[in-house]
$ cat model-v3.pdb   # PDB, C-alpha atoms and all ligand atoms
ATOM      1  CA  MET G   1     245.889  32.038  57.846
ATOM      2  CA  ALA G   2     246.779  35.626  58.275
ATOM      3  CA  PHE G   3     245.516  38.475  56.075
ATOM      4  CA  GLU G   4     245.969  40.628  59.193
ATOM      5  CA  GLY G   5     247.083  43.743  57.353
ATOM      6  CA  LEU G   6     244.112  43.644  55.019
ATOM      7  CA  THR G   7     241.632  42.902  57.783
ATOM      8  CA  GLU G   8     242.961  45.723  59.908
ATOM      9  CA  LYS G   9     242.969  48.306  57.108
ATOM     10  CA  LEU G  10     239.483  47.399  55.936
ATOM     11  CA  SER G  11     238.168  47.544  59.459
ATOM     12  CA  ASN G  12     239.696  51.027  59.896
ATOM     13  CA  ALA G  13     238.006  52.229  56.739
ATOM     14  CA  PHE G  14     234.643  50.892  57.924
ATOM     15  CA  LYS G  15     235.118  52.344  61.403
ATOM     16  CA  LYS G  16     235.393  55.841  59.935
ATOM     17  CA  LEU G  17     232.184  55.329  57.993
ATOM     18  CA  ARG G  18     230.342  54.070  61.055
ATOM     19  CA  GLY G  19     231.438  57.119  63.034
ATOM     20  CA  LYS G  20     229.693  59.392  60.580
ATOM     21  CA  GLY G  21     226.090  58.275  60.735
ATOM     22  CA  ARG G  22     224.693  59.684  57.487
ATOM     23  CA  LEU G  23     227.049  59.339  54.547
ATOM     24  CA  SER G  24     227.732  61.540  51.556
ATOM     25  CA  GLU G  25     229.080  60.397  48.239
ATOM     26  CA  ALA G  26     232.411  61.963  49.238
ATOM     27  CA  ASP G  27     232.546  59.812  52.400
ATOM     28  CA  VAL G  28     232.066  56.712  50.267
ATOM     29  CA  LYS G  29     234.763  57.824  47.817
ATOM     30  CA  GLU G  30     237.207  58.361  50.689
ATOM     31  CA  ALA G  31     236.451  54.894  52.095
ATOM     32  CA  MET G  32     236.915  53.387  48.616
ATOM     33  CA  ARG G  33     240.319  55.050  48.371
ATOM     34  CA  GLU G  34     241.355  53.346  51.612
ATOM     35  CA  ILE G  35     239.970  49.974  50.531
ATOM     36  CA  ARG G  36     241.792  50.331  47.220
ATOM     37  CA  LEU G  37     245.109  50.941  49.007
ATOM     38  CA  ALA G  38     244.492  48.060  51.413
ATOM     39  CA  LEU G  39     243.898  45.655  48.510
ATOM     40  CA  LEU G  40     246.963  46.871  46.606
ATOM     41  CA  GLU G  41     249.104  46.442  49.717
ATOM     42  CA  ALA G  42     247.707  42.918  50.046
ATOM     43  CA  ASP G  43     249.253  42.303  46.604
ATOM     44  CA  VAL G  44     245.980  41.988  44.719
ATOM     45  CA  SER G  45     246.445  42.579  40.969
ATOM     46  CA  PHE G  46     246.037  46.218  39.943
ATOM     47  CA  LYS G  47     243.298  45.610  37.409
ATOM     48  CA  VAL G  48     241.404  43.346  39.786
ATOM     49  CA  VAL G  49     241.437  46.115  42.399
ATOM     50  CA  LYS G  50     240.324  48.728  39.899
ATOM     51  CA  ASP G  51     237.342  46.678  38.717
ATOM     52  CA  PHE G  52     236.451  45.679  42.250
ATOM     53  CA  ILE G  53     236.412  49.275  43.506
ATOM     54  CA  ALA G  54     234.327  50.352  40.516
ATOM     55  CA  ARG G  55     231.721  47.679  41.264
ATOM     56  CA  VAL G  56     231.552  48.430  44.981
ATOM     57  CA  THR G  57     231.405  52.196  44.389
ATOM     58  CA  GLU G  58     228.594  51.876  41.905
ATOM     59  CA  ARG G  59     226.506  49.909  44.380
ATOM     60  CA  ALA G  60     227.516  51.961  47.431
ATOM     61  CA  VAL G  61     226.660  55.438  46.144
ATOM     62  CA  GLY G  62     223.161  54.322  45.229
ATOM     63  CA  ALA G  63     220.404  56.330  46.911
ATOM     64  CA  ASP G  64     219.020  53.269  48.691
ATOM     65  CA  VAL G  65     222.346  52.835  50.478
ATOM     66  CA  LEU G  66     223.165  56.450  51.305
ATOM     67  CA  GLU G  67     219.652  57.236  52.454
ATOM     68  CA  SER G  68     219.256  54.123  54.523
ATOM     69  CA  LEU G  69     219.448  54.234  58.309
ATOM     70  CA  THR G  70     222.573  52.076  58.385
ATOM     71  CA  PRO G  71     224.638  53.054  55.330
ATOM     72  CA  ALA G  72     227.979  51.934  56.781
ATOM     73  CA  GLN G  73     226.592  48.473  57.512
ATOM     74  CA  MET G  74     225.215  48.219  54.008
ATOM     75  CA  ILE G  75     228.584  49.103  52.533
ATOM     76  CA  VAL G  76     230.287  46.386  54.591
ATOM     77  CA  LYS G  77     227.687  43.975  53.241
ATOM     78  CA  ILE G  78     228.374  45.075  49.658
ATOM     79  CA  VAL G  79     232.142  44.659  50.140
ATOM     80  CA  ASN G  80     231.535  41.213  51.630
ATOM     81  CA  GLU G  81     229.375  40.155  48.679
ATOM     82  CA  GLU G  82     231.787  41.550  46.107
ATOM     83  CA  LEU G  83     234.812  39.891  47.765
ATOM     84  CA  THR G  84     232.931  36.596  47.702
ATOM     85  CA  ALA G  85     232.055  37.082  44.034
ATOM     86  CA  LEU G  86     235.666  38.026  43.264
ATOM     87  CA  MET G  87     236.834  34.681  44.618
ATOM     88  CA  GLY G  88     234.272  32.783  42.554
ATOM     89  CA  GLY G  89     231.082  32.897  44.621
ATOM     90  CA  ASP G  90     230.388  29.270  45.424
ATOM     91  CA  SER G  91     232.884  26.566  46.257
ATOM     92  CA  VAL G  92     233.598  24.264  43.332
ATOM     93  CA  LYS G  93     234.020  20.510  43.655
ATOM     94  CA  LEU G  94     236.517  18.257  41.946
ATOM     95  CA  ASN G  95     235.214  17.139  38.524
ATOM     96  CA  LEU G  96     234.388  13.490  39.035
ATOM     97  CA  SER G  97     233.983  11.295  35.992
ATOM     98  CA  SER G  98     230.783   9.351  35.527
ATOM     99  CA  ARG G  99     233.027   6.597  34.186
ATOM    100  CA  PRO G 100     235.711   6.011  36.813
ATOM    101  CA  PRO G 101     238.547   6.245  37.313
ATOM    102  CA  THR G 102     238.510  10.014  37.487
ATOM    103  CA  VAL G 103     241.903  11.249  36.322
ATOM    104  CA  VAL G 104     243.331  14.323  38.035
ATOM    105  CA  MET G 105     246.504  15.737  36.547
ATOM    106  CA  VAL G 106     248.250  17.754  39.253
ATOM    107  CA  VAL G 107     250.615  20.370  37.819
ATOM    108  CA  GLY G 108     252.703  23.236  39.155
ATOM    109  CA  LEU G 109     256.132  24.702  39.726
ATOM    110  CA  ASN G 110     258.684  22.969  41.937
ATOM    111  CA  GLY G 111     258.283  23.783  45.579
ATOM    112  CA  ALA G 112     254.646  24.842  45.211
ATOM    113  CA  GLY G 113     253.666  21.760  47.184
ATOM    114  CA  LYS G 114     252.566  19.494  44.330
ATOM    115  CA  THR G 115     253.671  16.153  45.718
ATOM    116  CA  THR G 116     252.499  16.845  49.265
ATOM    117  CA  ASN G 117     249.172  18.211  48.131
ATOM    118  CA  CYS G 118     248.524  15.386  45.677
ATOM    119  CA  ALA G 119     248.675  13.124  48.697
ATOM    120  CA  LYS G 120     246.684  15.499  50.920
ATOM    121  CA  LEU G 121     243.932  15.648  48.335
ATOM    122  CA  ALA G 122     243.914  11.884  47.851
ATOM    123  CA  GLY G 123     243.642  11.505  51.622
ATOM    124  CA  PHE G 124     240.816  14.039  51.730
ATOM    125  CA  MET G 125     238.858  12.293  48.963
ATOM    126  CA  LYS G 126     239.351   8.952  50.666
ATOM    127  CA  LYS G 127     238.202  10.193  54.063
ATOM    128  CA  GLN G 128     235.440  12.626  53.085
ATOM    129  CA  ASN G 129     234.119  11.022  49.919
ATOM    130  CA  GLY G 130     234.884   7.347  50.421
ATOM    131  CA  LYS G 131     237.040   7.242  47.287
ATOM    132  CA  ARG G 132     239.753   4.689  46.590
ATOM    133  CA  PRO G 133     242.536   6.831  45.171
ATOM    134  CA  LEU G 134     245.771   5.866  43.491
ATOM    135  CA  LEU G 135     248.772   8.169  43.455
ATOM    136  CA  ALA G 136     250.891   7.992  40.301
ATOM    137  CA  ALA G 137     254.536   9.073  40.389
ATOM    138  CA  CYS G 138     254.925  10.850  37.032
ATOM    139  CA  ASP G 139     257.494  13.369  38.246
ATOM    140  CA  THR G 140     260.662  11.801  36.914
ATOM    141  CA  PHE G 141     262.402  15.173  36.662
ATOM    142  CA  ARG G 142     262.999  15.727  40.373
ATOM    143  CA  PRO G 143     264.868  12.597  41.534
ATOM    144  CA  ALA G 144     263.466  12.556  45.070
ATOM    145  CA  ALA G 145     259.836  12.993  44.021
ATOM    146  CA  ILE G 146     259.006   9.297  43.574
ATOM    147  CA  HIS G 147     260.275   8.351  47.000
ATOM    148  CA  GLN G 148     258.577  11.383  48.552
ATOM    149  CA  LEU G 149     255.245  10.333  47.055
ATOM    150  CA  GLU G 150     255.741   6.795  48.374
ATOM    151  CA  VAL G 151     256.431   8.125  51.861
ATOM    152  CA  VAL G 152     253.324  10.316  52.012
ATOM    153  CA  GLY G 153     251.202   7.633  50.333
ATOM    154  CA  GLU G 154     252.305   5.172  52.990
ATOM    155  CA  GLN G 155     251.435   7.615  55.778
ATOM    156  CA  LEU G 156     247.909   7.947  54.403
ATOM    157  CA  GLY G 157     247.461   4.300  53.465
ATOM    158  CA  ILE G 158     247.093   5.180  49.783
ATOM    159  CA  PRO G 159     248.763   3.053  47.093
ATOM    160  CA  VAL G 160     251.444   4.636  44.926
ATOM    161  CA  PHE G 161     252.064   3.538  41.346
ATOM    162  CA  GLN G 162     255.559   4.060  40.023
ATOM    163  CA  MET G 163     257.743   2.887  37.142
ATOM    164  CA  GLY G 164     260.983   4.590  38.139
ATOM    165  CA  GLN G 165     262.437   6.939  35.557
ATOM    166  CA  SER G 166     260.285   5.769  32.616
ATOM    167  CA  ASP G 167     258.516   8.112  30.249
ATOM    168  CA  PRO G 168     255.973  10.132  32.315
ATOM    169  CA  VAL G 169     253.217   9.645  29.726
ATOM    170  CA  ASP G 170     253.733   5.866  29.823
ATOM    171  CA  ILE G 171     253.618   5.989  33.615
ATOM    172  CA  ALA G 172     250.381   7.980  33.549
ATOM    173  CA  LYS G 173     248.715   5.599  31.065
ATOM    174  CA  SER G 174     249.891   2.532  32.972
ATOM    175  CA  ALA G 175     248.688   4.018  36.258
ATOM    176  CA  ILE G 176     245.208   4.495  34.815
ATOM    177  CA  GLU G 177     245.187   0.873  33.575
ATOM    178  CA  HIS G 178     246.396  -0.256  36.993
ATOM    179  CA  ALA G 179     243.591   1.729  38.646
ATOM    180  CA  LYS G 180     240.975   0.093  36.397
ATOM    181  CA  LYS G 181     242.252  -3.362  37.297
ATOM    182  CA  HIS G 182     242.510  -2.689  41.014
ATOM    183  CA  GLY G 183     239.289  -0.783  41.631
ATOM    184  CA  ASN G 184     240.825   2.648  42.210
ATOM    185  CA  ASP G 185     238.186   5.190  41.220
ATOM    186  CA  LEU G 186     240.441   8.241  41.392
ATOM    187  CA  VAL G 187     243.961   8.669  40.001
ATOM    188  CA  PHE G 188     246.182  11.595  40.908
ATOM    189  CA  LEU G 189     249.045  12.127  38.485
ATOM    190  CA  ASP G 190     251.911  13.862  40.287
ATOM    191  CA  THR G 191     253.653  15.534  37.344
ATOM    192  CA  ALA G 192     257.040  17.183  37.048
ATOM    193  CA  GLY G 193     257.599  20.873  37.683
ATOM    194  CA  ARG G 194     260.401  23.344  37.107
ATOM    195  CA  LEU G 195     261.629  26.309  39.085
ATOM    196  CA  HIS G 196     260.013  28.717  36.646
ATOM    197  CA  VAL G 197     257.386  28.539  33.932
ATOM    198  CA  ASP G 198     259.214  26.915  31.054
ATOM    199  CA  GLU G 199     258.347  25.937  27.465
ATOM    200  CA  GLU G 200     259.718  22.411  27.707
ATOM    201  CA  LEU G 201     257.614  21.685  30.792
ATOM    202  CA  MET G 202     254.454  23.036  29.176
ATOM    203  CA  GLU G 203     255.079  20.920  26.068
ATOM    204  CA  GLN G 204     255.484  17.767  28.181
ATOM    205  CA  LEU G 205     252.329  18.513  30.113
ATOM    206  CA  LYS G 206     250.403  19.141  26.894
ATOM    207  CA  VAL G 207     251.523  15.744  25.578
ATOM    208  CA  MET G 208     250.365  14.088  28.797
ATOM    209  CA  LYS G 209     247.054  15.911  28.697
ATOM    210  CA  ALA G 210     246.441  14.736  25.116
ATOM    211  CA  ALA G 211     247.392  11.167  26.023
ATOM    212  CA  VAL G 212     245.264  10.715  29.154
ATOM    213  CA  ASP G 213     242.409  13.220  28.641
ATOM    214  CA  PRO G 214     242.162  14.101  32.343
ATOM    215  CA  ASP G 215     238.869  15.021  34.012
ATOM    216  CA  GLU G 216     240.651  17.654  36.006
ATOM    217  CA  ILE G 217     243.886  19.613  35.617
ATOM    218  CA  LEU G 218     244.568  21.027  39.021
ATOM    219  CA  LEU G 219     247.284  23.635  39.332
ATOM    220  CA  VAL G 220     249.090  23.801  42.659
ATOM    221  CA  VAL G 221     250.374  27.291  43.475
ATOM    222  CA  ASP G 222     252.108  28.732  46.504
ATOM    223  CA  ALA G 223     250.111  31.572  48.085
ATOM    224  CA  MET G 224     253.244  33.001  49.658
ATOM    225  CA  ILE G 225     254.612  34.186  46.314
ATOM    226  CA  GLY G 226     251.649  36.527  45.798
ATOM    227  CA  GLN G 227     251.512  38.030  42.309
ATOM    228  CA  ASP G 228     253.973  35.427  40.996
ATOM    229  CA  ALA G 229     251.397  32.779  41.882
ATOM    230  CA  VAL G 230     248.834  34.643  39.816
ATOM    231  CA  ASN G 231     251.271  34.934  36.894
ATOM    232  CA  ALA G 232     252.059  31.223  37.118
ATOM    233  CA  ALA G 233     248.350  30.435  37.130
ATOM    234  CA  LYS G 234     247.875  32.549  34.023
ATOM    235  CA  ALA G 235     250.748  30.826  32.204
ATOM    236  CA  PHE G 236     249.603  27.297  33.099
ATOM    237  CA  ASP G 237     246.039  28.128  32.148
ATOM    238  CA  GLU G 238     247.052  29.523  28.764
ATOM    239  CA  ALA G 239     249.096  26.407  28.009
ATOM    240  CA  LEU G 240     246.834  23.729  29.471
ATOM    241  CA  ASP G 241     243.375  25.196  30.054
ATOM    242  CA  ILE G 242     243.426  24.136  33.702
ATOM    243  CA  THR G 243     240.169  23.298  35.466
ATOM    244  CA  GLY G 244     241.015  24.522  38.938
ATOM    245  CA  VAL G 245     243.619  25.701  41.394
ATOM    246  CA  MET G 246     244.858  24.404  44.695
ATOM    247  CA  LEU G 247     246.364  27.265  46.666
ATOM    248  CA  THR G 248     248.926  26.032  49.173
ATOM    249  CA  LYS G 249     250.705  27.571  52.153
ATOM    250  CA  LEU G 250     247.796  29.850  52.901
ATOM    251  CA  ASP G 251     248.843  29.440  56.531
ATOM    252  CA  GLY G 252     252.020  31.376  55.793
ATOM    253  CA  ASP G 253     250.530  34.005  53.490
ATOM    254  CA  ALA G 254     250.229  37.255  55.365
ATOM    255  CA  ARG G 255     248.749  39.263  52.523
ATOM    256  CA  GLY G 256     246.176  37.282  50.582
ATOM    257  CA  GLY G 257     246.726  38.716  47.102
ATOM    258  CA  ALA G 258     246.819  35.364  45.304
ATOM    259  CA  ALA G 259     243.622  34.117  46.918
ATOM    260  CA  LEU G 260     241.855  37.304  45.890
ATOM    261  CA  SER G 261     243.231  37.565  42.331
ATOM    262  CA  ILE G 262     243.409  34.076  40.823
ATOM    263  CA  LYS G 263     239.758  33.608  39.894
ATOM    264  CA  ALA G 264     239.445  37.121  38.503
ATOM    265  CA  VAL G 265     242.640  36.855  36.439
ATOM    266  CA  THR G 266     242.312  33.298  35.107
ATOM    267  CA  GLY G 267     238.581  32.658  35.330
ATOM    268  CA  LYS G 268     239.431  29.351  37.008
ATOM    269  CA  PRO G 269     238.247  28.587  40.537
ATOM    270  CA  ILE G 270     240.369  27.889  43.565
ATOM    271  CA  LYS G 271     238.988  24.516  44.608
ATOM    272  CA  PHE G 272     241.172  23.619  47.569
ATOM    273  CA  VAL G 273     243.596  25.286  49.933
ATOM    274  CA  GLY G 274     246.567  23.900  51.815
ATOM    275  CA  VAL G 275     246.779  25.315  55.306
ATOM    276  CA  GLY G 276     249.795  23.570  56.814
ATOM    277  CA  GLU G 277     252.490  20.984  56.278
ATOM    278  CA  LYS G 278     250.563  18.101  57.841
ATOM    279  CA  LEU G 279     248.827  15.737  55.482
ATOM    280  CA  ASP G 280     245.358  16.470  56.815
ATOM    281  CA  GLN G 281     245.797  20.237  56.466
ATOM    282  CA  VAL G 282     243.730  20.634  53.334
ATOM    283  CA  GLU G 283     240.355  22.355  53.005
ATOM    284  CA  VAL G 284     237.713  22.983  50.380
ATOM    285  CA  PHE G 285     237.925  26.661  49.398
ATOM    286  CA  HIS G 286     234.777  28.575  50.365
ATOM    287  CA  PRO G 287     234.816  32.134  48.932
ATOM    288  CA  ASP G 288     232.105  33.342  51.341
ATOM    289  CA  ARG G 289     233.919  32.048  54.415
ATOM    290  CA  MET G 290     237.182  33.501  53.160
ATOM    291  CA  SER G 291     235.538  36.873  52.633
ATOM    292  CA  SER G 292     234.038  36.860  56.142
ATOM    293  CA  ARG G 293     237.422  35.927  57.516
ATOM    294  CA  ILE G 294     239.082  38.812  55.664
ATOM    295  CA  LEU G 295     236.481  41.233  56.975
ATOM    296  CA  GLY G 296     237.260  40.028  60.508
TER     297      GLY G 296
HETATM  298  P1  LIG P   1     256.655  20.130  44.974
HETATM  299  O1  LIG P   1     258.066  20.434  44.603
HETATM  300  O2  LIG P   1     255.718  21.092  44.300
HETATM  301  O3  LIG P   1     256.251  18.714  44.791
HETATM  302  O4  LIG P   1     256.512  20.520  46.522
HETATM  303  P2  LIG P   1     256.468  19.602  47.824
HETATM  304  O5  LIG P   1     255.226  18.809  47.862
HETATM  305  O6  LIG P   1     257.756  18.886  47.969
HETATM  306  O7  LIG P   1     256.318  20.735  48.953
HETATM  307  C1  LIG P   1     257.301  21.742  49.168
HETATM  308  C2  LIG P   1     257.266  22.162  50.641
HETATM  309  O8  LIG P   1     256.046  22.864  50.917
HETATM  310  C3  LIG P   1     257.294  20.994  51.581
HETATM  311  O9  LIG P   1     258.163  21.329  52.637
HETATM  312  C4  LIG P   1     255.854  20.904  52.114
HETATM  313  O10 LIG P   1     255.766  20.360  53.404
HETATM  314  C5  LIG P   1     255.453  22.352  52.095
HETATM  315  N1  LIG P   1     253.990  22.548  52.017
HETATM  316  C6  LIG P   1     253.113  21.992  51.143
HETATM  317  N2  LIG P   1     251.852  22.433  51.369
HETATM  318  C7  LIG P   1     251.933  23.293  52.419
HETATM  319  C8  LIG P   1     250.969  24.096  53.119
HETATM  320  O11 LIG P   1     249.767  24.131  52.823
HETATM  321  N3  LIG P   1     251.444  24.855  54.154
HETATM  322  C9  LIG P   1     252.771  24.867  54.506
HETATM  323  N4  LIG P   1     253.143  25.652  55.507
HETATM  324  N5  LIG P   1     253.691  24.147  53.854
HETATM  325  C10 LIG P   1     253.282  23.363  52.832
END
$ encode --input "model-v3.pdb" --output "structure tokens" --more "lines below"
Ligand code: GDP
Amino acid sequence: MAFEGLTEKLSNAFKKLRGKGRLSEADVKEAMREIRLALLEADVSFKVVKDFIARVTERAVGADVLESLTPAQMIVKIVNEELTALMGGDSVKLNLSSRPPTVVMVVGLNGAGKTTNCAKLAGFMKKQNGKRPLLAACDTFRPAAIHQLEVVGEQLGIPVFQMGQSDPVDIAKSAIEHAKKHGNDLVFLDTAGRLHVDEELMEQLKVMKAAVDPDEILLVVDAMIGQDAVNAAKAFDEALDITGVMLTKLDGDARGGAALSIKAVTGKPIKFVGVGEKLDQVEVFHPDRMSSRILG
């Protein structure tokens, strides 16, 4: 995970403040200007940056901060807290149904990492939470997807339900029935994607949502596409009212804009992150840890 540019620029801004000892309101304003630029260069949404800077400034120019013995340190603390809040505050767990199987509809654009991360997440829930997941191959749009899911399922020792090129809604319903009969308490529906957000796709996903009433609609987005990931998240949320986001390829994302913007723009939490191609490279998203990491 990189974020180097952001970390370096923020640390430069703080270094200047530390060098000053006592701070004036003008010193804080100058630091805020640098932080603002650093966030914009990290590809954080414009409005998110504007609101963020306003919140930090309001807290930082308070008399208790400026007149304290360690104003620079207090400002770093405020930025840390506000970055954490921006990303949602606390980590958020998968919604588990009190009446299993829990149904997780995994949606996203092609190439975001949907199929891989469906499997990663199933593996994670099996290992960390003792669940007995079932992977359901509902992506009949991309021909190789079914086989791909079978391959990763096999690697993780997780069963894969498939019905070839049947109707995806029928596959989803049958997979849930299969799970009930075979004691699988968690079903991941690997749904079809497209290259871009597209009406037909959204309609199909809405039909599936209505048919299976999922406990969770998890959107998989690629962190490397920055603002486009945020726009995709907005579009999927408007169409489907998603319950959470899985942000993949964070290992390759040098800037961090998507991680910092998604919660603020959509109101939906990032629940998990993908941090590599291997099937165990999945983590619960912790906003506070991410913020500390960004601050270096
Ligand atoms: P789908 O089209 O959305 O189902 O995407 P795939 O699951 O086929 O993944 C597309 C590519 O992204 C594959 O080469 C994956 O190995 C890769 N990928 C998925 N998650 C991650 C991740 O967290 N980090 C990295 N570096 N690559 C990933």
$ residues_near_ligand --input "model-v3.pdb" --ligand "ligand LIG 1 (chain P)" --cutoff "10 Å" --atoms "all atoms listed in the file" --output "ChimeraX atom specification"
/G:1,106-120,139,142,144-146,148-149,152,190-195,220-224,246-253,273-283
$ closest_residue --input "model-v3.pdb" --among "G:Asp167, G:Asp185, G:Glu41, G:Asp27" --to "Ala60 in chain G" --atoms "all atoms listed in the file"
G:Asp27
$ resolve_selection --input "model-v3.pdb" --expression "the PyMOL selection byres (((chain G and resi 291) around 12) and not hetatm)" --output "NGL selection string"
:G and (3 or 6-7 or 10 or 76-90 or 256 or 259-260 or 285-290 or 292-296)
$ closest_residue --input "model-v3.pdb" --among "G:Ile75, G:Leu69, G:Pro100, G:Arg55" --to "Arg132 in chain G" --atoms "all atoms listed in the file"
G:Pro100
$ closest_residue --input "model-v3.pdb" --among "G:Val212, G:Ala137, G:Val284, G:Ala26" --to "Leu121 in chain G" --atoms "only C-alpha atoms"
G:Val284
$ atom_distance --input "model-v3.pdb" --atom1 "CA of Thr70 in chain G" --atom2 "CA of Asp51 in chain G"
25.2 Å
$ resolve_selection --input "model-v3.pdb" --expression "the PyMOL selection byres (((chain G and resi 227) around 9) and not hetatm)" --output "PyMOL selection string"
chain G and resi 43-45+223+225-226+228-232+257-258+261
$ resolve_selection --input "model-v3.pdb" --expression "the PyMOL selection byres (((chain G and resi 53) around 12) and not hetatm)" --output "ChimeraX atom specification"
/G:28-40,46-52,54-61,75,78-79,82-83,86
$ write_last_selection --input "model-v3.pdb" --atoms "C-alpha atoms" --output "PDB file, in the coordinates of the input"
ATOM      1  CA  VAL G  28     232.066  56.712  50.267  1.00  0.00           C
ATOM      2  CA  LYS G  29     234.763  57.824  47.817  1.00  0.00           C
ATOM      3  CA  GLU G  30     237.207  58.361  50.689  1.00  0.00           C
ATOM      4  CA  ALA G  31     236.451  54.894  52.095  1.00  0.00           C
ATOM      5  CA  MET G  32     236.915  53.387  48.616  1.00  0.00           C
ATOM      6  CA  ARG G  33     240.319  55.050  48.371  1.00  0.00           C
ATOM      7  CA  GLU G  34     241.355  53.346  51.612  1.00  0.00           C
ATOM      8  CA  ILE G  35     239.970  49.974  50.531  1.00  0.00           C
ATOM      9  CA  ARG G  36     241.792  50.331  47.220  1.00  0.00           C
ATOM     10  CA  LEU G  37     245.109  50.941  49.007  1.00  0.00           C
ATOM     11  CA  ALA G  38     244.492  48.060  51.413  1.00  0.00           C
ATOM     12  CA  LEU G  39     243.898  45.655  48.510  1.00  0.00           C
ATOM     13  CA  LEU G  40     246.963  46.871  46.606  1.00  0.00           C
ATOM     14  CA  PHE G  46     246.037  46.218  39.943  1.00  0.00           C
ATOM     15  CA  LYS G  47     243.298  45.610  37.409  1.00  0.00           C
ATOM     16  CA  VAL G  48     241.404  43.346  39.786  1.00  0.00           C
ATOM     17  CA  VAL G  49     241.437  46.115  42.399  1.00  0.00           C
ATOM     18  CA  LYS G  50     240.324  48.728  39.899  1.00  0.00           C
ATOM     19  CA  ASP G  51     237.342  46.678  38.717  1.00  0.00           C
ATOM     20  CA  PHE G  52     236.451  45.679  42.250  1.00  0.00           C
ATOM     21  CA  ALA G  54     234.327  50.352  40.516  1.00  0.00           C
ATOM     22  CA  ARG G  55     231.721  47.679  41.264  1.00  0.00           C
ATOM     23  CA  VAL G  56     231.552  48.430  44.981  1.00  0.00           C
ATOM     24  CA  THR G  57     231.405  52.196  44.389  1.00  0.00           C
ATOM     25  CA  GLU G  58     228.594  51.876  41.905  1.00  0.00           C
ATOM     26  CA  ARG G  59     226.506  49.909  44.380  1.00  0.00           C
ATOM     27  CA  ALA G  60     227.516  51.961  47.431  1.00  0.00           C
ATOM     28  CA  VAL G  61     226.660  55.438  46.144  1.00  0.00           C
ATOM     29  CA  ILE G  75     228.584  49.103  52.533  1.00  0.00           C
ATOM     30  CA  ILE G  78     228.374  45.075  49.658  1.00  0.00           C
ATOM     31  CA  VAL G  79     232.142  44.659  50.140  1.00  0.00           C
ATOM     32  CA  GLU G  82     231.787  41.550  46.107  1.00  0.00           C
ATOM     33  CA  LEU G  83     234.812  39.891  47.765  1.00  0.00           C
ATOM     34  CA  LEU G  86     235.666  38.026  43.264  1.00  0.00           C
TER      35      LEU G  86
END
$ atom_distance --input "model-v3.pdb" --atom1 "CA of Ala211 in chain G" --atom2 "CA of Ser166 in chain G"
15.5 Å
$ closest_residue --input "model-v3.pdb" --among "G:Ala239, G:Val103, G:Lys263, G:Cys138" --to "Ala179 in chain G" --atoms "all atoms listed in the file"
G:Val103
$ closest_residue --input "model-v3.pdb" --among "G:Pro269, G:Gly19, G:Pro214, G:Gly123" --to "Ala172 in chain G" --atoms "all atoms listed in the file"
G:Pro214
$ residues_around --input "model-v3.pdb" --residues "Phe161 in chain G" --least-positions-apart "2" --cutoff "9 Å" --atoms "only C-alpha atoms" --output "mmCIF file with C-alpha atoms, keeping the file's coordinate frame"
data_model
loop_
_atom_site.group_PDB
_atom_site.id
_atom_site.type_symbol
_atom_site.label_atom_id
_atom_site.label_comp_id
_atom_site.auth_asym_id
_atom_site.auth_seq_id
_atom_site.Cartn_x
_atom_site.Cartn_y
_atom_site.Cartn_z
ATOM 1 C CA LEU G 134 245.771 5.866 43.491
ATOM 2 C CA LEU G 135 248.772 8.169 43.455
ATOM 3 C CA ALA G 136 250.891 7.992 40.301
ATOM 4 C CA ALA G 137 254.536 9.073 40.389
ATOM 5 C CA CYS G 138 254.925 10.850 37.032
ATOM 6 C CA GLU G 150 255.741 6.795 48.374
ATOM 7 C CA PRO G 159 248.763 3.053 47.093
ATOM 8 C CA MET G 163 257.743 2.887 37.142
ATOM 9 C CA ILE G 171 253.618 5.989 33.615
ATOM 10 C CA SER G 174 249.891 2.532 32.972
ATOM 11 C CA ALA G 175 248.688 4.018 36.258
ATOM 12 C CA HIS G 178 246.396 -0.256 36.993
#
$ closest_residue --input "model-v3.pdb" --among "G:Ser91, G:Ser11, G:Gln165, G:Ser97" --to "Lys268 in chain G" --atoms "all atoms listed in the file"
G:Ser91
$ atom_distance --input "model-v3.pdb" --atom1 "CA of His196 in chain G" --atom2 "CA of Phe141 in chain G"
13.8 Å
$ axis_aligned_box --input "model-v3.pdb" --around "range 142-149 of chain G" --padding-each-side "6 Å" --output "lines of an AutoDock Vina configuration file"
center_x = 260.1
center_y = 12.0
center_z = 44.5
size_x = 21.6
size_y = 19.4
size_z = 20.2
